[in-house]
$ cat protein.txt   # compact mmCIF, C-alpha atoms and all ligand atoms
# COMPACT_ATOMS: atom_id res chain seq x y z
CA MET A 1 -40.01 60.20 5.46
CA ASP A 2 -38.15 61.93 2.69
CA GLU A 3 -35.76 59.09 1.98
CA LYS A 4 -36.46 56.63 -0.82
CA ILE A 5 -37.05 52.94 -0.17
CA ARG A 6 -35.18 50.96 -2.79
CA ILE A 7 -36.41 47.55 -3.85
CA VAL A 8 -35.26 44.81 -6.19
CA HIS A 9 -37.86 42.27 -7.35
CA SER A 10 -36.79 39.04 -9.02
CA ALA A 11 -38.18 35.52 -9.53
CA ASP A 12 -37.78 32.20 -11.29
CA TRP A 13 -34.04 31.71 -11.18
CA HIS A 14 -34.53 27.94 -11.38
CA LEU A 15 -31.10 27.55 -9.89
CA GLY A 16 -30.00 23.96 -10.32
CA VAL A 17 -30.99 23.24 -13.92
CA MET A 18 -27.99 21.15 -14.96
CA SER A 19 -29.18 19.95 -18.38
CA GLY A 20 -27.58 20.98 -21.64
CA PRO A 21 -24.02 21.68 -22.66
CA ARG A 22 -21.00 22.32 -20.50
CA VAL A 23 -17.62 23.69 -21.46
CA ALA A 24 -14.82 21.31 -20.42
CA ASN A 25 -14.18 21.24 -16.65
CA GLU A 26 -16.77 23.92 -16.03
CA LEU A 27 -20.25 23.87 -14.57
CA PRO A 28 -23.17 23.25 -16.95
CA LEU A 29 -23.77 26.39 -18.99
CA LYS A 30 -27.33 26.94 -17.86
CA PHE A 31 -26.37 26.70 -14.19
CA LYS A 32 -23.34 28.93 -14.64
CA SER A 33 -25.23 31.57 -16.62
CA VAL A 34 -27.98 31.75 -13.99
CA LEU A 35 -25.33 32.16 -11.29
CA ASP A 36 -23.68 34.94 -13.30
CA ALA A 37 -27.02 36.75 -13.62
CA THR A 38 -27.74 36.46 -9.89
CA ASN A 39 -24.27 37.80 -9.13
CA GLU A 40 -25.11 40.78 -11.31
CA LEU A 41 -28.24 41.25 -9.20
CA ALA A 42 -26.22 41.06 -5.96
CA ASN A 43 -23.73 43.63 -7.30
CA PHE A 44 -26.60 45.91 -8.26
CA VAL A 45 -28.01 45.63 -4.72
CA GLU A 46 -24.66 46.68 -3.32
CA GLU A 47 -24.02 49.55 -5.74
CA ASN A 48 -27.50 51.04 -5.41
CA ASP A 49 -28.04 50.77 -1.64
CA VAL A 50 -31.07 48.57 -2.10
CA ASP A 51 -33.09 48.08 1.09
CA LEU A 52 -35.13 45.03 0.17
CA VAL A 53 -34.81 42.15 -2.28
CA ILE A 54 -38.03 40.31 -3.06
CA LEU A 55 -37.71 36.83 -4.50
CA SER A 56 -41.11 35.70 -5.78
CA GLY A 57 -40.55 31.95 -5.93
CA ASP A 58 -38.94 29.21 -8.02
CA ILE A 59 -35.50 30.50 -7.12
CA LEU A 60 -34.49 26.87 -6.76
CA ASN A 61 -35.42 24.42 -9.47
CA ARG A 62 -36.10 21.54 -7.09
CA GLY A 63 -37.28 20.91 -3.56
CA ASN A 64 -34.25 18.72 -2.93
CA PRO A 65 -31.33 20.72 -4.29
CA ALA A 66 -27.82 19.26 -4.52
CA PRO A 67 -25.32 20.70 -2.02
CA LEU A 68 -23.62 22.62 -4.84
CA VAL A 69 -26.91 24.33 -5.64
CA LEU A 70 -27.92 25.19 -2.07
CA ASN A 71 -24.42 26.41 -1.26
CA SER A 72 -24.35 28.58 -4.38
CA LEU A 73 -27.69 30.09 -3.43
CA SER A 74 -26.47 30.69 0.14
CA LYS A 75 -23.43 32.57 -1.17
CA ILE A 76 -25.65 34.88 -3.24
CA LEU A 77 -27.98 35.50 -0.30
CA LYS A 78 -25.00 36.15 2.00
CA LYS A 79 -23.66 38.68 -0.49
CA ILE A 80 -27.04 40.43 -0.52
CA ILE A 81 -27.61 40.59 3.25
CA ASP A 82 -24.01 41.68 3.84
CA THR A 83 -24.88 44.91 2.02
CA GLY A 84 -27.51 45.57 4.69
CA ALA A 85 -30.46 44.64 2.49
CA LYS A 86 -33.26 42.39 3.68
CA VAL A 87 -34.62 39.48 1.65
CA VAL A 88 -38.18 38.21 1.37
CA PHE A 89 -37.94 34.72 -0.05
CA LEU A 90 -41.27 33.27 -1.20
CA ILE A 91 -41.90 29.58 -1.92
CA GLY A 92 -42.79 28.74 -5.52
CA ASN A 93 -44.10 25.45 -6.94
CA HIS A 94 -40.57 24.21 -7.63
CA GLU A 95 -39.51 24.56 -4.00
CA VAL A 96 -42.35 22.47 -2.56
CA PRO A 97 -41.33 18.84 -2.25
CA GLY A 98 -44.80 17.72 -1.21
CA TRP A 99 -44.21 16.54 2.36
CA GLY A 100 -44.16 20.01 3.90
CA GLU A 101 -40.50 20.65 4.53
CA HIS A 102 -38.60 22.71 2.01
CA PRO A 103 -34.92 23.58 1.51
CA LEU A 104 -35.27 27.30 2.35
CA LYS A 105 -36.35 26.45 5.90
CA ILE A 106 -32.68 26.16 6.78
CA TYR A 107 -32.28 29.96 6.75
CA GLU A 108 -35.16 30.27 9.20
CA ILE A 109 -33.89 27.46 11.45
CA LEU A 110 -30.47 29.08 11.63
CA GLY A 111 -32.15 32.33 12.65
CA ILE A 112 -30.87 34.47 9.81
CA GLU A 113 -33.11 37.42 10.52
CA ASP A 114 -32.49 39.33 7.33
CA ILE A 115 -33.88 36.49 5.24
CA ILE A 116 -37.62 36.16 5.65
CA VAL A 117 -38.68 32.75 4.44
CA ALA A 118 -42.26 33.25 3.28
CA ASP A 119 -43.90 29.83 3.34
CA ASP A 120 -47.23 30.95 4.73
CA ALA A 121 -50.01 33.38 3.79
CA THR A 122 -49.39 36.27 6.14
CA VAL A 123 -48.39 39.94 6.45
CA TYR A 124 -44.91 40.98 7.57
CA ASN A 125 -44.15 44.49 8.80
CA LEU A 126 -40.60 45.44 7.89
CA GLU A 127 -38.98 48.60 9.11
CA LEU A 128 -37.23 50.16 6.09
CA LYS A 129 -35.85 53.71 6.22
CA ASN A 130 -37.99 54.46 9.30
CA THR A 131 -41.11 53.41 7.44
CA GLU A 132 -43.24 50.40 8.11
CA MET A 133 -43.36 48.43 4.87
CA GLN A 134 -46.20 45.90 4.82
CA ILE A 135 -45.47 42.76 2.89
CA ALA A 136 -48.28 40.29 2.28
CA THR A 137 -47.13 36.87 1.09
CA ILE A 138 -49.11 34.16 -0.67
CA PRO A 139 -46.70 31.31 -1.44
CA TYR A 140 -47.63 28.56 -3.87
CA ASN A 141 -48.06 25.91 -1.17
CA THR A 142 -51.02 27.83 0.30
CA LEU A 143 -52.91 27.73 -3.02
CA HIS A 144 -53.57 23.99 -3.09
CA ASN A 145 -56.72 23.97 -1.03
CA ARG A 146 -57.78 27.63 -0.99
CA GLN A 147 -58.68 30.16 -3.65
CA PHE A 148 -56.22 33.00 -4.19
CA GLU A 149 -59.06 35.53 -4.05
CA ASP A 150 -60.16 34.36 -0.58
CA ILE A 151 -56.64 34.45 0.85
CA VAL A 152 -55.83 37.86 -0.58
CA ALA A 153 -59.11 39.34 0.69
CA GLU A 154 -58.24 38.17 4.19
CA LEU A 155 -54.72 39.61 4.09
CA SER A 156 -55.97 42.89 2.63
CA GLU A 157 -57.91 43.58 5.82
CA GLU A 158 -54.62 43.82 7.71
CA ILE A 159 -53.18 46.48 5.40
CA ASN A 160 -52.93 50.07 6.63
CA PRO A 161 -53.32 52.27 3.54
CA LEU A 162 -51.19 55.03 5.08
CA ASN A 163 -48.09 52.86 4.91
CA PRO A 164 -46.67 51.35 1.72
CA SER A 165 -47.56 47.76 0.93
CA ILE A 166 -46.41 44.99 -1.35
CA LEU A 167 -48.10 41.71 -2.22
CA VAL A 168 -45.68 38.88 -3.05
CA THR A 169 -47.11 35.78 -4.70
CA HIS A 170 -46.35 32.96 -7.13
CA ILE A 171 -49.33 32.43 -9.39
CA PHE A 172 -50.49 32.26 -13.02
CA VAL A 173 -52.40 35.40 -14.02
CA ARG A 174 -54.63 34.17 -16.82
CA ASN A 175 -54.02 36.83 -19.49
CA ALA A 176 -50.22 36.86 -19.02
CA ARG A 177 -48.06 36.33 -22.08
CA LEU A 178 -46.01 33.13 -21.81
CA SER A 179 -42.40 32.51 -22.68
CA GLY A 180 -40.97 29.46 -24.41
CA SER A 181 -39.88 28.01 -21.08
CA ASP A 182 -43.37 28.23 -19.54
CA LEU A 183 -44.39 24.88 -20.94
CA ASN A 184 -45.16 22.92 -17.82
CA LEU A 185 -48.21 24.74 -16.53
CA LEU A 186 -50.53 22.20 -14.98
CA PRO A 187 -54.09 21.65 -16.21
CA ASP A 188 -55.38 22.52 -12.73
CA GLU A 189 -52.85 25.31 -12.22
CA PRO A 190 -53.85 27.73 -9.42
CA HIS A 191 -54.63 30.98 -11.19
CA THR A 192 -56.26 34.36 -10.93
CA TYR A 193 -57.24 37.26 -13.20
CA SER A 194 -55.68 40.71 -13.48
CA ASP A 195 -58.97 42.47 -12.52
CA VAL A 196 -58.67 40.97 -9.04
CA PHE A 197 -55.71 43.26 -8.27
CA LEU A 198 -57.68 46.42 -9.07
CA LYS A 199 -59.70 46.13 -5.88
CA LEU A 200 -56.77 45.39 -3.58
CA PRO A 201 -55.02 47.89 -1.28
CA PHE A 202 -51.45 47.08 -2.37
CA ASP A 203 -49.11 49.58 -4.03
CA TYR A 204 -47.05 46.93 -5.78
CA VAL A 205 -47.71 43.29 -6.62
CA ALA A 206 -44.49 41.28 -6.98
CA LEU A 207 -45.41 38.25 -9.05
CA GLY A 208 -43.44 35.14 -9.88
CA HIS A 209 -44.09 31.99 -11.99
CA ILE A 210 -44.38 33.20 -15.60
CA HIS A 211 -40.98 33.48 -17.25
CA LYS A 212 -41.71 36.37 -19.58
CA TYR A 213 -41.05 39.84 -18.12
CA GLN A 214 -44.22 41.91 -18.29
CA LYS A 215 -46.27 44.54 -16.59
CA ILE A 216 -49.74 43.15 -15.94
CA LEU A 217 -51.21 46.41 -14.55
CA ALA A 218 -49.94 49.97 -14.11
CA ARG A 219 -52.09 50.86 -11.09
CA PRO A 220 -51.56 49.14 -8.84
CA ILE A 221 -48.22 48.09 -10.28
CA VAL A 222 -48.47 44.36 -11.01
CA ILE A 223 -45.34 42.85 -12.53
CA TYR A 224 -43.75 39.57 -13.54
CA PRO A 225 -39.98 40.19 -13.65
CA GLY A 226 -39.69 36.96 -15.65
CA SER A 227 -36.95 34.39 -15.27
CA ILE A 228 -33.43 35.71 -14.86
CA GLN A 229 -31.74 33.82 -17.67
CA ARG A 230 -32.66 32.47 -21.11
CA MET A 231 -33.14 28.72 -21.06
CA ASN A 232 -33.78 27.77 -24.69
CA PHE A 233 -34.02 28.89 -28.31
CA SER A 234 -37.63 29.98 -27.98
CA GLU A 235 -36.45 32.70 -25.56
CA ALA A 236 -33.80 34.04 -27.96
CA MET A 237 -35.51 37.42 -28.24
CA ASP A 238 -36.65 37.76 -24.61
CA GLU A 239 -34.87 40.27 -22.41
CA LYS A 240 -33.93 38.89 -19.00
CA GLY A 241 -33.32 40.76 -15.79
CA PHE A 242 -35.09 42.03 -12.66
CA ILE A 243 -37.15 45.00 -11.46
CA TYR A 244 -35.76 47.99 -9.57
CA ALA A 245 -38.36 50.12 -7.80
CA GLU A 246 -38.17 53.25 -5.63
CA PHE A 247 -40.90 54.11 -3.13
CA SER A 248 -41.03 57.75 -2.08
CA TRP A 249 -43.49 59.86 -0.14
CA LYS A 250 -44.68 62.69 -2.37
CA LYS A 251 -47.64 65.01 -2.01
CA SER A 252 -49.05 62.96 0.83
CA ARG A 253 -49.04 59.62 -0.94
CA TRP A 254 -46.64 56.83 -1.87
CA ASN A 255 -45.17 57.28 -5.28
CA ILE A 256 -43.39 54.39 -7.03
CA GLU A 257 -40.95 54.63 -9.89
CA TRP A 258 -39.70 51.41 -11.39
CA ARG A 259 -37.71 50.04 -14.28
CA PHE A 260 -36.58 46.75 -15.76
CA GLN A 261 -32.89 46.16 -15.17
CA PRO A 262 -31.45 43.81 -17.83
CA VAL A 263 -28.63 41.32 -17.12
CA ASP A 264 -26.15 39.66 -19.45
CA THR A 265 -27.93 36.82 -21.17
CA LEU A 266 -26.92 33.70 -23.01
CA ARG A 267 -27.27 34.35 -26.73
CA PHE A 268 -29.34 31.82 -28.65
CA ARG A 269 -29.18 31.97 -32.43
CA THR A 270 -31.21 30.01 -34.96
CA ILE A 271 -29.98 29.92 -38.55
CA ASP A 272 -32.65 28.84 -41.04
CA ILE A 273 -31.36 27.19 -44.19
CA ASP A 274 -33.44 25.82 -47.06
CA ILE A 275 -31.53 23.11 -48.96
CA ARG A 276 -34.36 21.93 -51.22
CA ASN A 277 -33.12 21.10 -54.73
CA GLN A 278 -29.52 21.94 -53.83
CA GLU A 279 -26.76 19.80 -55.37
CA ASN A 280 -24.32 20.47 -52.56
CA PRO A 281 -26.27 21.14 -49.37
CA THR A 282 -23.16 20.99 -47.13
CA LEU A 283 -21.55 23.80 -49.10
CA ILE A 284 -24.71 25.93 -48.97
CA ILE A 285 -24.86 25.54 -45.19
CA MET A 286 -21.14 26.20 -44.70
CA LYS A 287 -21.38 29.40 -46.75
CA LYS A 288 -24.34 30.64 -44.76
CA ILE A 289 -22.63 29.90 -41.43
CA GLU A 290 -19.63 32.01 -42.42
CA SER A 291 -21.76 35.14 -42.51
CA TYR A 292 -22.26 35.00 -38.72
CA LYS A 293 -20.05 35.55 -35.71
CA LEU A 294 -20.92 32.59 -33.54
CA LEU A 295 -18.46 33.20 -30.72
CA ASN A 296 -19.97 32.28 -27.33
CA GLU A 297 -23.38 31.68 -28.85
CA MET A 298 -25.84 28.81 -28.52
CA VAL A 299 -26.42 27.87 -32.15
CA ARG A 300 -29.25 25.98 -33.81
CA ILE A 301 -29.20 25.16 -37.51
CA LYS A 302 -32.69 24.58 -38.86
CA ILE A 303 -32.53 22.74 -42.17
CA THR A 304 -35.56 22.65 -44.44
CA ARG A 305 -35.54 19.74 -46.92
CA THR A 306 -37.72 17.07 -48.51
CA GLN A 307 -36.97 13.34 -48.42
CA ARG A 308 -35.69 13.57 -52.00
CA ASP A 309 -32.93 16.04 -51.12
CA LEU A 310 -29.37 15.03 -50.31
CA LYS A 311 -28.42 15.02 -46.64
CA PRO A 312 -25.71 17.47 -45.62
CA ASN A 313 -22.56 16.34 -43.81
CA ILE A 314 -23.48 17.17 -40.24
CA LYS A 315 -20.09 16.23 -38.79
CA VAL A 316 -18.31 18.83 -40.93
CA ILE A 317 -20.89 21.50 -40.12
CA ARG A 318 -20.76 20.80 -36.41
CA LYS A 319 -16.98 20.99 -36.37
CA ARG A 320 -16.98 24.35 -38.18
CA ILE A 321 -19.51 25.83 -35.76
CA THR A 322 -17.50 24.63 -32.76
CA ASP A 323 -14.29 26.00 -34.32
CA MET A 324 -15.98 29.38 -34.67
CA GLY A 325 -16.33 29.46 -30.89
CA ALA A 326 -20.00 28.53 -30.45
CA LEU A 327 -20.84 27.16 -27.01
CA TYR A 328 -23.31 24.65 -28.38
CA CYS A 329 -24.61 23.41 -31.72
CA LYS A 330 -27.99 21.84 -32.40
CA ILE A 331 -29.14 20.56 -35.78
CA ASP A 332 -32.88 20.46 -36.49
CA TYR A 333 -34.51 19.14 -39.63
CA ASN A 334 -37.74 20.49 -40.99
CA THR A 335 -38.59 17.72 -43.41
CA ILE A 336 -41.46 18.56 -45.70
CA THR A 337 -43.48 15.67 -47.06
CA GLU A 338 -43.91 15.97 -50.80
CA THR A 339 -47.69 15.77 -50.90
CA LEU A 340 -47.95 18.68 -48.52
CA GLU A 341 -45.31 20.52 -50.47
CA ARG A 342 -47.47 20.36 -53.56
CA HIS A 343 -50.37 21.70 -51.52
CA ALA A 344 -48.11 24.50 -50.32
CA ASP A 345 -47.49 25.47 -53.94
CA SER A 346 -51.21 25.81 -54.51
CA LYS A 347 -51.53 27.75 -51.24
CA VAL A 348 -53.99 25.18 -49.88
CA GLY A 349 -51.84 23.29 -47.43
CA ILE A 350 -49.14 24.33 -45.03
CA GLU A 351 -45.84 22.85 -44.05
CA LYS A 352 -46.32 20.06 -41.55
CA GLY A 353 -43.73 20.89 -38.87
CA ASP A 354 -44.52 24.54 -39.21
CA SER A 355 -48.25 24.31 -38.71
CA ILE A 356 -47.90 22.25 -35.54
CA SER A 357 -45.44 24.67 -33.99
CA ARG A 358 -47.61 27.58 -35.12
CA LEU A 359 -50.60 26.01 -33.44
CA HIS A 360 -48.49 25.49 -30.31
CA ASP A 361 -47.38 29.16 -30.35
CA TYR A 362 -50.89 30.37 -31.02
CA ILE A 363 -52.34 28.54 -28.03
CA THR A 364 -49.43 29.57 -25.81
CA LYS A 365 -49.56 33.24 -26.71
CA LYS A 366 -53.15 33.98 -27.65
CA ARG A 367 -55.25 31.38 -25.89
CA PRO A 368 -53.74 30.56 -22.50
CA ASP A 369 -57.19 29.30 -21.50
CA LEU A 370 -56.57 26.37 -23.86
CA ILE A 371 -53.17 25.47 -22.41
CA PRO A 372 -54.58 22.61 -20.33
CA LYS A 373 -55.96 21.13 -23.58
CA ARG A 374 -52.95 21.99 -25.72
CA GLU A 375 -51.49 18.49 -26.03
CA GLU A 376 -54.88 17.10 -26.95
CA LEU A 377 -55.50 19.77 -29.62
CA ILE A 378 -52.06 19.29 -31.10
CA ASN A 379 -52.59 15.55 -31.31
CA VAL A 380 -55.88 16.07 -33.13
CA ALA A 381 -54.19 18.48 -35.56
CA LYS A 382 -51.40 15.96 -36.17
CA ASP A 383 -53.95 13.22 -36.93
CA ILE A 384 -55.74 15.51 -39.39
CA ILE A 385 -52.52 16.46 -41.19
CA LYS A 386 -51.45 12.82 -41.31
CA SER A 387 -54.73 11.68 -42.84
CA ILE A 388 -54.75 14.53 -45.39
CA SER A 389 -51.21 13.82 -46.53
CA ARG A 390 -51.99 10.12 -47.08
CA LYS A 391 -54.53 10.95 -49.82
MN MN A 401 -43.31 28.50 -10.96

$ encode --input "protein.txt" --output "structure tokens"
Amino acid sequence: MDEKIRIVHSADWHLGVMSGPRVANELPLKFKSVLDATNELANFVEENDVDLVILSGDILNRGNPAPLVLNSLSKILKKIIDTGAKVVFLIGNHEVPGWGEHPLKIYEILGIEDIIVADDATVYNLELKNTEMQIATIPYNTLHNRQFEDIVAELSEEINPLNPSILVTHIFVRNARLSGSDLNLLPDEPHTYSDVFLKLPFDYVALGHIHKYQKILARPIVIYPGSIQRMNFSEAMDEKGFIYAEFSWKKSRWNIEWRFQPVDTLRFRTIDIDIRNQENPTLIIMKKIESYKLLNEMVRIKITRTQRDLKPNIKVIRKRITDMGALYCKIDYNTITETLERHADSKVGIEKGDSISRLHDYITKKRPDLIPKREELINVAKDIIKSISRK
């Protein structure tokens, strides 16, 4: 038992998102960049003799993937199992089409033994490096009519504490920090709390669902690896990648060392430009743009102005950004209404667009308990701001 068991843990690839820009004759950028990241993962598995790859759900973006998407996924999985690694593939909310069948079933039907399709709450015993690794799985589809806590208590009874164990599940842990692409959490989202894991027998909890990489607990190790690729400007600062963990038997217990392994990410850049009271706003913007290298970047220009200010020539700006080699260019206006602007001077009011997005960020980051009511709260705030600015 002196050999290490090497594990890669990843989740939320959302393979199949085809929205957004594409470079001529190529696949949509988001799809291509996710594929690139997963290829990096497969290469890592090969180079590091990884024994097990855990995929904690939402690997596909839809329950009915296009052939291109399913074939691309199959190629990645083939590359992984050809190295000798096994795969535990858990069902997330995005892979459940509602009528029971799901696209991953095909690997099970074809009898591909090295891919374990985890679509039920159960415990698998996998022989890895002459050790019995116990893997408990709680896929999203089992959480509709039963509480997470009840299921996990049941599975825990099957765990032998002398052998290493991993819990794989796709669920919202209430105090998790959210990323900018975690915006579609349902009001009745199945959820649990981090304290629940403290009482469980597992050495490692491999979570999926939340797109921001984070350690929820250190003992036991409870981790969201986050999504594998940046999807929008709000994730510009988020690192993306997967978890690499080594299990080894030391001083008569299982010791786990782990680290976050980053992948190449799409670069999103926002350039803020204030053109209030400027005689030549286009020139101001063009000058500012020149101070950046925008090659292969996703670029957003955020222009702050009032209705009195001249509008810049967007066509010229767009062309320059494209000529500089940017992959994509988005223009956003932050138009400040004059009444509120006067309030801003007296430090009473706040900028309209800003306060709404700040409220949104606040709820998302600090008060996840309010997420189900977020839209409602934002609408109330908008009404208040509207009625104040009319006076
Ligand atoms: Mn999910």

$ closest_residue --input "protein.txt" --among "A:Ala11, A:Leu126, A:Val17, A:Ile285" --to "Gly208 in chain A" --atoms "all atoms listed in the file"
A:Ala11

$ closest_residue --input "protein.txt" --among "A:Ile301, A:Ile243, A:Ile210, A:Met133" --to "ligand MN 401 (chain A)" --atoms "all atoms listed in the file"
A:Ile210

$ residues_around --input "protein.txt" --residues "Lys373 in chain A" --least-positions-apart "5" --cutoff "12 Å" --atoms "all atoms listed in the file" --output "list in words"
Leu185, Leu186, Pro187, Asp188, His360, Ile363, Thr364, Arg367, Pro368, Ile378, Asn379 and Val380 of chain A

$ closest_residue --input "protein.txt" --among "A:Leu167, A:Leu90, A:Ile256, A:Cys329" --to "ligand MN 401 (chain A)" --atoms "all atoms listed in the file"
A:Leu90

$ residues_around --input "protein.txt" --residues "Leu162 in chain A" --least-positions-apart "3" --cutoff "9 Å" --atoms "all atoms listed in the file" --output "number ranges by chain"
A: 159, 253-254

$ write_last_selection --input "protein.txt" --atoms "C-alpha atoms" --output "CSV table (one decimal), in the frame of the given file"
chain,number,residue,atom,x,y,z
A,159,ILE,CA,-53.2,46.5,5.4
A,253,ARG,CA,-49.0,59.6,-0.9
A,254,TRP,CA,-46.6,56.8,-1.9

$ residues_near_ligand --input "protein.txt" --ligand "ligand MN 401 (chain A)" --cutoff "6 Å" --atoms "only C-alpha atoms and all ligand atoms" --output "list in words"
Asp58, Gly92, Asn93 and His209 of chain A

$ closest_residue --input "protein.txt" --among "A:His144, A:Arg62, A:Ile371, A:Phe247" --to "Met18 in chain A" --atoms "all atoms listed in the file"
A:Arg62

$ closest_residue --input "protein.txt" --among "A:Leu178, A:Ile166, A:Ala326, A:Leu52" --to "Lys4 in chain A" --atoms "all atoms listed in the file"
A:Leu52

$ residues_around --input "protein.txt" --residues "Asn277 in chain A" --least-positions-apart "2" --cutoff "12 Å" --atoms "only C-alpha atoms" --output "list in words"
Asp274, Ile275, Glu279, Asn280, Pro281, Ile284, Thr304, Arg305, Thr306, Gln307, Arg308, Asp309, Leu310 and Lys311 of chain A

$ atom_distance --input "protein.txt" --atom1 "CA of Ser165 in chain A" --atom2 "CA of Ser10 in chain A"
17.1 Å

$ closest_residue --input "protein.txt" --among "A:Arg269, A:His211, A:Lys78, A:Arg276" --to "Ile321 in chain A" --atoms "all atoms listed in the file"
A:Arg269

$ atom_distance --input "protein.txt" --atom1 "CA of His191 in chain A" --atom2 "CA of Arg174 in chain A"
6.5 Å

$ residues_around --input "protein.txt" --residues "Val53 in chain A" --least-positions-apart "4" --cutoff "9 Å" --atoms "all atoms listed in the file" --output "PyMOL selection string"
chain A and resi 6-10+45+80+85-89

$ closest_atom_pairs --input "protein.txt" --of "range 241-331 of chain A" --to "range 25-33 of chain A" --cutoff "10 Å" --atoms "only C-alpha atoms" --output "Markdown table"
| residue | atom | partner | partner_atom | distance |
| --- | --- | --- | --- | --- |
| A:Asp264 | CA | A:Ser33 | CA | 8.6 |
| A:Thr265 | CA | A:Ser33 | CA | 7.5 |
| A:Leu266 | CA | A:Ser33 | CA | 6.9 |
| A:Leu327 | CA | A:Leu29 | CA | 8.6 |
| A:Tyr328 | CA | A:Leu29 | CA | 9.6 |

$ atom_distance --input "protein.txt" --atom1 "CA of Leu295 in chain A" --atom2 "CA of Arg320 in chain A"
11.7 Å

$ axis_aligned_box --input "protein.txt" --around "range 47-62 of chain A" --padding-each-side "5 Å" --output "lines of an AutoDock Vina configuration file"
center_x = -32.6
center_y = 36.3
center_z = -4.2
size_x = 27.1
size_y = 39.5
size_z = 20.6

$ residues_around --input "protein.txt" --residues "Thr169 in chain A" --least-positions-apart "6" --cutoff "7 Å" --atoms "only C-alpha atoms" --output "PyMOL selection string"
chain A and resi 56+137-139+206-208
